[in-house]
>>> print(open('coords.cif').read())   # mmCIF, C-alpha atoms
data_structure
loop_
_atom_site.label_atom_id
_atom_site.label_comp_id
_atom_site.auth_asym_id
_atom_site.auth_seq_id
_atom_site.Cartn_x
_atom_site.Cartn_y
_atom_site.Cartn_z
CA MET G 2 75.39 75.55 135.92
CA ALA G 3 74.66 76.00 132.23
CA ALA G 4 71.28 77.50 133.08
CA ALA G 5 72.93 79.95 135.47
CA CYS G 6 75.38 80.95 132.74
CA GLN G 7 72.55 81.50 130.30
CA THR G 8 70.68 83.64 132.82
CA LEU G 9 73.80 85.69 133.45
CA GLN G 10 74.38 86.19 129.74
CA PHE G 11 70.76 87.18 129.30
CA ASP G 12 70.97 89.69 132.17
CA TRP G 13 74.12 91.23 130.74
CA PHE G 14 72.49 91.47 127.30
CA ALA G 15 69.32 93.03 128.74
CA ASP G 16 71.41 95.55 130.62
CA PHE G 17 73.31 96.38 127.45
CA GLU G 18 70.09 96.76 125.47
CA ALA G 19 68.61 99.04 128.14
CA CYS G 20 71.67 101.22 128.12
CA GLN G 21 71.56 101.47 124.34
CA SER G 22 67.90 102.38 124.21
CA VAL G 23 67.80 104.90 127.10
CA PRO G 24 69.51 108.17 126.18
CA CYS G 25 72.62 108.39 128.38
CA GLU G 26 72.88 111.45 130.59
CA GLN G 27 76.62 111.74 130.15
CA GLU G 28 76.61 112.03 126.37
CA TRP G 29 76.96 115.82 126.45
CA ILE G 30 80.43 115.34 127.95
CA LEU G 31 81.64 113.88 124.66
CA SER G 32 80.85 117.03 122.71
CA ILE G 33 82.71 119.13 125.30
CA MET G 34 85.68 116.79 125.09
CA GLY G 35 85.67 117.07 121.32
CA ARG G 36 85.35 120.85 121.37
CA TYR G 37 87.75 121.87 124.15
CA GLY G 38 89.85 118.72 124.65
CA HIS G 39 92.86 119.91 122.68
CA GLU G 40 93.03 123.33 124.35
CA LEU G 41 92.49 121.77 127.76
CA VAL G 42 95.28 119.21 127.30
CA ASN G 43 97.57 122.06 126.22
CA LEU G 44 96.68 124.08 129.31
CA LEU G 45 97.21 121.13 131.64
CA TRP G 46 100.49 120.28 129.94
CA ARG G 47 101.74 123.82 130.40
CA ILE G 48 100.81 123.82 134.07
CA LEU G 49 101.92 120.30 134.94
CA GLY G 50 104.54 119.31 132.36
CA ASN G 51 103.98 115.61 132.90
CA GLU G 52 101.84 113.39 130.65
CA GLN G 53 100.48 111.11 133.37
CA ASP G 54 99.53 114.07 135.55
CA VAL G 55 97.85 115.70 132.54
CA CYS G 56 95.74 112.57 131.95
CA ASP G 57 94.81 112.40 135.64
CA ALA G 58 93.82 116.06 135.83
CA TYR G 59 91.85 115.78 132.57
CA GLN G 60 90.03 112.74 133.91
CA THR G 61 89.24 114.38 137.24
CA THR G 62 87.86 117.45 135.48
CA PHE G 63 85.57 115.54 133.16
CA VAL G 64 84.43 112.98 135.71
CA HIS G 65 83.45 115.84 138.00
CA LEU G 66 81.58 117.44 135.10
CA ALA G 67 79.87 114.17 134.15
CA ASN G 68 78.56 113.79 137.67
CA LEU G 69 76.77 117.13 137.63
CA SER G 70 73.01 116.89 137.39
CA LYS G 71 71.12 118.78 134.68
CA SER G 72 70.23 121.64 137.01
CA GLN G 73 73.86 121.99 138.13
CA ARG G 74 75.29 122.30 134.61
CA PRO G 75 77.13 125.57 134.16
CA ARG G 76 76.00 128.20 131.68
CA GLN G 77 79.48 129.22 130.59
CA LEU G 78 80.79 125.77 129.89
CA LYS G 79 84.20 126.70 128.52
CA ALA G 80 84.93 129.04 131.39
CA TYR G 81 83.82 126.43 133.92
CA VAL G 82 85.86 123.64 132.34
CA PHE G 83 89.01 125.73 132.12
CA ARG G 84 88.74 127.05 135.65
CA SER G 85 88.06 123.67 137.19
CA ALA G 86 90.87 122.07 135.15
CA SER G 87 93.35 124.72 136.23
CA ASN G 88 92.24 124.33 139.87
CA VAL G 89 92.75 120.56 139.67
CA ALA G 90 96.17 121.06 138.08
CA ILE G 91 97.25 123.58 140.69
CA SER G 92 96.20 121.32 143.55
CA MET G 93 98.20 118.52 141.90
CA LEU G 94 101.18 120.87 141.63
CA ARG G 95 100.91 121.70 145.32
CA SER G 96 100.71 118.06 146.35
CA ARG G 97 103.64 117.28 144.04
CA ALA G 98 105.69 120.05 145.70
CA ALA G 99 104.79 118.73 149.15
CA GLU G 100 105.78 115.21 148.09
CA GLN G 101 109.07 116.54 146.71
CA ARG G 102 109.79 118.28 150.01
CA ARG G 103 109.07 115.08 151.91
CA VAL G 104 111.36 113.05 149.65
CA THR G 105 114.13 115.65 149.87
CA ALA G 106 113.84 115.76 153.64
CA TRP G 107 113.96 111.98 153.80
CA SER G 108 116.88 111.41 151.43
CA GLY G 109 118.70 114.61 152.40
CA ARG G 110 119.64 115.49 148.81
CA GLU G 111 118.08 116.13 145.43
CA THR G 112 118.90 113.81 142.56
CA ASN G 113 119.19 115.18 139.06
CA PHE G 114 120.56 113.34 136.07
CA LEU G 115 119.97 115.94 133.39
CA PRO G 116 122.51 117.82 131.28
CA GLU G 117 123.35 121.28 132.63
CA LEU G 118 121.47 123.47 130.13
CA GLU G 119 118.38 121.32 130.16
CA LEU G 120 118.57 121.22 133.94
CA ASP G 121 118.67 125.03 134.12
CA GLN G 122 115.63 125.37 131.91
CA ARG G 123 113.71 122.64 133.66
CA GLU G 124 114.59 124.04 137.04
CA LEU G 125 113.37 127.45 135.97
CA VAL G 126 110.06 126.08 134.68
CA GLU G 127 109.59 123.88 137.74
CA GLN G 128 110.34 126.82 140.00
CA LEU G 129 107.81 128.92 138.12
CA ARG G 130 105.21 126.15 138.40
CA TYR G 131 105.85 125.87 142.12
CA TYR G 132 105.39 129.60 142.70
CA LEU G 133 102.38 129.67 140.38
CA GLY G 134 100.77 127.28 142.81
CA GLN G 135 101.56 129.63 145.69
CA LEU G 136 99.88 132.66 144.13
CA PRO G 137 96.53 133.82 145.53
CA GLU G 138 93.65 132.39 143.51
CA HIS G 139 92.47 135.61 141.88
CA LEU G 140 95.98 136.43 140.61
CA ARG G 141 96.77 132.87 139.59
CA GLU G 142 93.66 132.49 137.47
CA VAL G 143 94.54 135.57 135.45
CA VAL G 144 98.14 134.42 134.87
CA VAL G 145 97.00 130.95 133.85
CA LEU G 146 94.38 132.26 131.42
CA ARG G 147 96.59 135.01 130.03
CA ASP G 148 100.01 133.39 129.85
CA LEU G 149 99.27 129.70 129.55
CA VAL G 150 95.94 129.62 127.68
CA GLU G 151 96.85 132.87 125.84
CA LEU G 152 93.37 134.38 126.00
CA PRO G 153 92.81 138.11 125.45
CA TYR G 154 92.01 140.25 128.50
CA ARG G 155 88.43 140.84 127.36
CA ARG G 156 87.81 137.09 127.35
CA ILE G 157 89.53 136.60 130.70
CA ALA G 158 87.41 139.36 132.20
CA LYS G 159 84.26 137.67 130.94
CA ILE G 160 85.31 134.28 132.30
CA LEU G 161 86.28 135.58 135.73
CA GLY G 162 83.51 138.15 136.03
CA ILE G 163 85.84 141.12 136.44
CA THR G 164 86.76 144.06 134.22
CA ALA G 165 89.57 143.89 131.68
CA GLY G 166 91.42 146.59 133.63
CA SER G 167 91.27 144.53 136.82
CA ALA G 168 92.59 141.53 134.91
CA ARG G 169 95.57 143.62 133.74
CA VAL G 170 96.24 144.85 137.27
CA TYR G 171 96.01 141.30 138.69
CA ARG G 172 98.44 139.99 136.08
CA CYS G 173 100.86 142.79 136.80
CA LYS G 174 100.70 142.06 140.55
CA ALA G 175 101.14 138.35 139.91
CA MET G 176 104.19 138.92 137.75
CA GLN G 177 105.71 141.16 140.42
CA LEU G 178 105.10 138.55 143.10
CA LEU G 179 106.56 135.78 140.94
CA ALA G 180 109.60 137.93 140.20
CA ILE G 181 110.15 138.66 143.89
CA TRP G 182 109.75 135.03 144.96
CA MET G 183 111.98 133.70 142.22
CA THR G 184 114.70 136.26 142.98
CA GLU G 185 114.49 135.40 146.69
CA ALA G 186 114.80 131.71 145.87
CA GLN G 187 117.87 132.39 143.74
CA GLU G 188 119.50 134.44 146.46
CA ARG G 189 118.88 131.69 148.99
CA MET Y 7 115.59 141.13 147.40
CA PHE Y 8 114.43 144.26 145.68
CA GLU Y 9 111.60 146.59 146.55
CA ILE Y 10 108.95 147.38 144.01
CA ARG Y 11 108.58 150.99 145.01
CA HIS Y 12 109.52 154.27 143.49
CA SER Y 13 113.12 155.00 144.28
CA LYS Y 14 113.17 158.44 145.91
CA ASN Y 15 116.95 158.59 145.78
CA ALA Y 16 117.15 158.36 142.01
CA PRO Y 17 119.55 160.96 140.64
CA SER Y 18 117.74 164.04 139.33
CA ALA Y 19 119.99 164.06 136.27
CA ALA Y 20 118.30 160.95 134.93
CA PRO Y 21 115.14 162.23 133.23
CA PRO Y 22 112.99 159.05 133.26
CA PRO Y 23 112.15 158.21 136.86
CA CYS Y 24 111.97 154.63 138.06
CA HIS Y 25 108.18 154.45 137.98
CA ILE Y 26 108.08 155.18 134.23
CA ALA Y 27 110.63 152.46 133.59
CA ARG Y 28 108.58 150.18 135.79
CA GLN Y 29 105.42 151.03 133.88
CA ALA Y 30 107.20 150.13 130.66
CA LEU Y 31 108.56 146.97 132.22
CA TRP Y 32 105.37 145.49 133.64
CA GLY Y 33 103.10 146.62 130.81
CA GLU Y 34 102.50 144.64 127.66
CA LYS Y 35 103.72 145.33 124.18
CA ARG Y 36 100.31 145.13 122.61
CA GLU Y 37 98.76 147.74 124.85
CA THR Y 38 100.44 150.69 123.21
CA GLY Y 39 97.23 152.68 123.51
CA LEU Y 40 97.34 152.44 127.28
CA ARG Y 41 101.05 152.99 127.63
CA ARG Y 42 102.93 156.13 126.83
CA PHE Y 43 106.39 154.67 127.13
CA ARG Y 44 107.95 151.63 125.57
CA LEU Y 45 110.75 149.58 126.99
CA GLU Y 46 112.62 149.91 123.70
CA SER Y 47 112.82 153.72 124.06
CA ARG Y 48 116.40 154.89 124.24
CA TRP Y 49 115.92 157.01 127.37
CA ILE Y 50 114.34 154.11 129.27
CA GLN Y 51 117.19 151.87 128.15
CA ASN Y 52 119.68 154.51 129.33
CA HIS Y 53 117.89 154.77 132.67
CA ILE Y 54 117.96 151.01 133.19
CA ALA Y 55 121.66 151.00 132.34
CA GLN Y 56 122.28 153.57 135.12
CA CYS Y 57 119.82 152.48 137.81
CA PRO Y 58 120.79 149.29 139.72
CA ARG Y 59 117.30 148.89 141.17
CA CYS Y 60 115.71 148.91 137.72
CA GLN Y 61 118.37 146.48 136.54
CA ARG Y 62 117.40 144.04 139.28
CA ARG Y 63 113.73 144.47 138.43
CA PHE Y 64 114.44 143.94 134.76
CA ALA Y 65 116.44 140.76 135.47
CA ALA Y 66 113.70 139.35 137.73
CA GLN Y 67 110.97 140.12 135.22
CA GLY Y 68 113.08 138.56 132.46
CA LYS Y 69 113.36 135.38 134.47
CA VAL Y 70 109.60 135.10 134.94
CA SER Y 71 108.95 135.83 131.26
CA LEU Y 72 111.54 133.26 130.23
CA GLY Y 73 109.97 130.65 132.52
CA LEU Y 74 106.53 131.31 131.05
CA GLN Y 75 107.91 131.15 127.51
CA LEU Y 76 109.63 127.86 128.25
CA ALA Y 77 106.44 126.45 129.75
CA ARG Y 78 104.55 127.49 126.62
CA SER Y 79 107.16 126.18 124.21
CA GLN Y 80 107.46 122.66 125.65
CA THR Y 81 105.50 120.28 123.47
CA HIS Y 82 103.72 117.10 124.49
CA GLY Y 83 103.43 113.86 122.55
CA PRO Y 84 100.84 113.77 119.76
CA ALA Y 85 99.03 110.85 121.40
CA LEU Y 86 98.44 112.66 124.69
CA LEU Y 87 94.97 113.89 123.74
CA ALA Y 88 93.84 110.38 122.71
CA GLN Y 89 95.37 108.92 125.88
CA ALA Y 90 93.60 111.47 128.08
CA ASN Y 91 90.31 110.90 126.26
CA LYS Y 92 90.63 107.13 126.72
CA GLN Y 93 91.21 107.60 130.43
CA VAL Y 94 88.04 109.70 130.75
CA LEU Y 95 85.94 107.38 128.58
CA LYS Y 96 86.79 104.48 130.87
CA MET Y 97 84.93 106.28 133.64
CA LEU Y 98 81.78 107.07 131.68
CA GLN Y 99 78.60 105.00 131.22
CA ARG Y 100 78.86 102.04 128.90
CA GLY Y 101 76.30 103.44 126.47
CA VAL Y 102 78.33 106.63 126.14
CA ARG Y 103 81.54 104.70 125.58
CA GLN Y 104 80.08 102.93 122.56
CA THR Y 105 78.84 105.98 120.67
CA PRO Y 106 80.60 106.90 117.39
CA GLU Y 107 81.71 110.18 118.97
CA ALA Y 108 83.52 108.28 121.71
CA VAL Y 109 85.24 106.10 119.13
CA GLN Y 110 86.48 109.25 117.38
CA LEU Y 111 87.71 110.71 120.66
CA ARG Y 112 89.75 107.59 121.38
CA SER Y 113 91.89 108.27 118.32
CA ALA Y 114 91.77 112.10 118.41
CA TYR Y 115 94.92 113.97 117.49
CA PRO Y 116 95.57 117.63 118.22
CA HIS Y 117 94.77 119.95 115.34
CA PRO Y 118 96.80 123.16 115.40
CA ARG Y 119 94.85 126.36 114.81
CA THR Y 120 94.77 127.78 111.30
CA TRP Y 121 97.00 130.75 112.15
CA GLU Y 122 99.53 128.41 113.76
CA ARG Y 123 99.65 126.30 110.61
CA LEU Y 124 100.01 129.36 108.41
CA GLY Y 125 102.78 130.78 110.63
CA ALA Y 126 105.52 129.49 108.31
CA TYR Y 127 104.04 131.33 105.33
CA ARG Y 128 103.33 134.57 107.19
CA SER Y 129 105.75 136.82 105.29
CA ALA Y 130 104.78 135.37 101.89
CA LEU Y 131 101.11 135.89 102.74
CA ARG Y 132 101.77 139.45 103.85
CA GLN Y 133 103.52 140.26 100.57
CA MET Y 134 100.75 138.67 98.58
CA ALA Y 135 98.16 140.69 100.51
CA ALA Y 136 100.10 143.90 99.74
CA CYS Y 137 100.15 143.01 96.01
CA ILE Y 138 96.43 142.27 96.04
CA ALA Y 139 95.75 145.56 97.83
CA LEU Y 140 97.77 147.48 95.21
CA MET Y 141 95.96 145.69 92.40
CA ALA Y 142 92.61 146.41 93.99
CA LEU Y 143 93.52 150.09 94.41
CA GLY Y 144 94.53 150.21 90.73
CA LYS Y 145 91.36 148.46 89.74
CA ILE Y 146 89.04 150.83 91.56
CA GLY Y 147 90.92 153.75 89.99
CA LEU Y 148 92.30 155.31 93.15
CA LEU Y 149 95.88 155.38 91.87
CA GLY Y 150 94.69 156.75 88.50
CA SER Y 151 92.74 159.48 90.30
CA MET Y 152 95.80 160.41 92.34
CA GLN Y 153 97.87 160.73 89.13
CA GLN Y 154 95.11 162.84 87.61
CA ALA Y 155 95.02 165.11 90.65
CA GLN Y 156 98.81 165.51 90.48
CA ASP Y 157 98.67 166.41 86.75
CA ARG Y 158 95.96 169.00 87.33
CA THR Y 159 97.85 170.59 90.22
CA GLU Y 160 100.96 170.76 88.06
CA ASP Y 161 98.98 172.44 85.26
CA ALA Y 162 97.55 174.99 87.71
CA MET Y 163 101.03 175.79 89.05
CA ARG Y 164 102.39 176.11 85.54
CA THR Y 165 99.61 178.56 84.63
CA TYR Y 166 100.34 180.57 87.78
CA TYR Y 167 104.09 180.75 87.01
CA THR Y 168 103.36 181.71 83.35
CA GLU Y 169 101.08 184.51 84.46
CA HIS Y 170 103.34 185.93 87.16
CA LEU Y 171 106.92 185.13 86.03
CA GLY Y 172 106.57 184.80 82.29
CA PRO Y 173 106.54 181.76 79.95
CA SER Y 174 110.36 181.32 79.82
CA MET Y 175 110.63 181.06 83.60
CA ALA Y 176 107.68 178.69 83.75
CA GLU Y 177 109.36 176.56 81.07
CA ASP Y 178 112.48 176.32 83.24
CA VAL Y 179 110.51 175.26 86.32
CA PHE Y 180 108.22 172.84 84.48
CA PRO Y 181 110.18 171.52 81.49
CA GLY Y 182 108.29 169.72 78.68
#
>>> encode(input="coords.cif", output="structure tokens")
Amino acid sequence: MAAACQTLQFDWFADFEACQSVPCEQEWILSIMGRYGHELVNLLWRILGNEQDVCDAYQTTFVHLANLSKSQRPRQLKAYVFRSASNVAISMLRSRAAEQRRVTAWSGRETNFLPELELDQRELVEQLRYYLGQLPEHLREVVVLRDLVELPYRRIAKILGITAGSARVYRCKAMQLLAIWMTEAQER
Amino acid sequence: MFEIRHSKNAPSAAPPPCHIARQALWGEKRETGLRRFRLESRWIQNHIAQCPRCQRRFAAQGKVSLGLQLARSQTHGPALLAQANKQVLKMLQRGVRQTPEAVQLRSAYPHPRTWERLGAYRSALRQMAACIALMALGKIGLLGSMQQAQDRTEDAMRTYYTEHLGPSMAEDVFPG
């Protein structure tokens, strides 16, 4: 028994030593986390508005990135990270909305325990988040990068591979769609 | 529901048509070079006050803008970045988890950008920059040159008046 324990300890130690000596392939992720982590958390927070969801989306984004092989690594890292993070967040928003619909259908009523003013504001933001998730991808990406990450149009154009003029037009269309949907929802 | 189309039935008495108001409404404040009309213009304001369709558009746009502003203004806890980093680090290789960089990431706190930190002192900084600019202009002699140019012009005018109207008249126009 003692011998088995010793062998196990030795194996664990050898494994540890090997990992320390061999350069780890995922180390580049740390520099990206250090460089863009703050901005990324801000973006995810603005899209999701929930700390646990932010952590989950952040984890999904970086784990996906860590699993890319050297040949698959993107050239425009920041653009890639931001786009994949916003896609993860939007898919989480959609699944959250679907879950909410299921719960509402099951219980037959919505439960809110917030003061009136806070409720109004939160409802407005939640409604906006919901409709943001419904926007077509090309419009949504521009709105996210322009209004939530607050990047200039030139930068957005570079990230998305379109012209700055197209980015402006897409944002304008997105805002019009959001305005129409939100007004319709209010009238309903 | 409102239509986002040019209203053909807009009264001809109202000079700014709906599409100009719409252009001002959906455009951005910073892009003044691309936009001829601003939402703050009095005639656009008057048009919106008269046109119910533009009013509805304005209200809907305001709602979206407010929602986006609220989403931007909500703040998260200061430990969120560290918490998110910890969650990612758990999933990475052991060797990566034990690097000094990873240790730093575990206790990372958000650092606001320089311009965000200086936001509170913006007006004071602006005034200081104006003072420095004035001092620099004085130092390079631009203000002195302007004074010199003014003095010389005045002398030339005085000479002209003396020649054409006489010295007494010139003395009245340019006393001293």
>>> interface_residues(input="coords.cif", of="chain Y", to="chain G", cutoff="8 Å", atoms="only C-alpha atoms", output="VMD selection string")
chain Y and resid 7 to 8 10 32 to 33 63 66 to 67 69 to 70 73 to 74 76 to 78 80 82 86 to 87 89 to 91 93 to 94 97 to 102 107 to 108 111 116 to 117
>>> resolve_selection(input="coords.cif", expression="the PyMOL selection byres ((chain Y and resi 153-165) around 12)", output="PDB file with C-alpha atoms, in the coordinates of the input")
ATOM      1  CA  GLY Y 144      94.530 150.210  90.730  1.00  0.00           C
ATOM      2  CA  GLY Y 147      90.920 153.750  89.990  1.00  0.00           C
ATOM      3  CA  LEU Y 148      92.300 155.310  93.150  1.00  0.00           C
ATOM      4  CA  LEU Y 149      95.880 155.380  91.870  1.00  0.00           C
ATOM      5  CA  GLY Y 150      94.690 156.750  88.500  1.00  0.00           C
ATOM      6  CA  SER Y 151      92.740 159.480  90.300  1.00  0.00           C
ATOM      7  CA  MET Y 152      95.800 160.410  92.340  1.00  0.00           C
ATOM      8  CA  TYR Y 166     100.340 180.570  87.780  1.00  0.00           C
ATOM      9  CA  TYR Y 167     104.090 180.750  87.010  1.00  0.00           C
ATOM     10  CA  THR Y 168     103.360 181.710  83.350  1.00  0.00           C
ATOM     11  CA  GLU Y 169     101.080 184.510  84.460  1.00  0.00           C
ATOM     12  CA  HIS Y 170     103.340 185.930  87.160  1.00  0.00           C
ATOM     13  CA  LEU Y 171     106.920 185.130  86.030  1.00  0.00           C
ATOM     14  CA  GLY Y 172     106.570 184.800  82.290  1.00  0.00           C
ATOM     15  CA  PRO Y 173     106.540 181.760  79.950  1.00  0.00           C
ATOM     16  CA  SER Y 174     110.360 181.320  79.820  1.00  0.00           C
ATOM     17  CA  MET Y 175     110.630 181.060  83.600  1.00  0.00           C
ATOM     18  CA  ALA Y 176     107.680 178.690  83.750  1.00  0.00           C
ATOM     19  CA  GLU Y 177     109.360 176.560  81.070  1.00  0.00           C
ATOM     20  CA  ASP Y 178     112.480 176.320  83.240  1.00  0.00           C
ATOM     21  CA  VAL Y 179     110.510 175.260  86.320  1.00  0.00           C
ATOM     22  CA  PHE Y 180     108.220 172.840  84.480  1.00  0.00           C
ATOM     23  CA  PRO Y 181     110.180 171.520  81.490  1.00  0.00           C
ATOM     24  CA  GLY Y 182     108.290 169.720  78.680  1.00  0.00           C
TER      25      GLY Y 182
END
>>> resolve_selection(input="coords.cif", expression="the PyMOL selection byres ((chain G and resi 97) around 12)", output="ChimeraX atom specification")
/G:49-51,54,90-96,98-104,127,130-131,134
>>> atom_distance(input="coords.cif", atom1="atom CA of Y:Ala27", atom2="atom CA of Y:Pro58")
12.3 Å
>>> atom_distance(input="coords.cif", atom1="atom CA of G:Lys159", atom2="atom CA of G:His139")
13.8 Å
>>> closest_residue(input="coords.cif", among="G:Leu78, G:Leu45, G:His65, G:Ala175", to="G:Arg141", atoms="all atoms listed in the file")
G:Ala175
>>> atom_distance(input="coords.cif", atom1="atom CA of G:Gln73", atom2="atom CA of G:Ser85")
14.3 Å
>>> residues_around(input="coords.cif", residues="Y:Tyr115", least_positions_apart="5", cutoff="7 Å", atoms="only C-alpha atoms", output="number ranges by chain")
Y: 84-85, 87-88
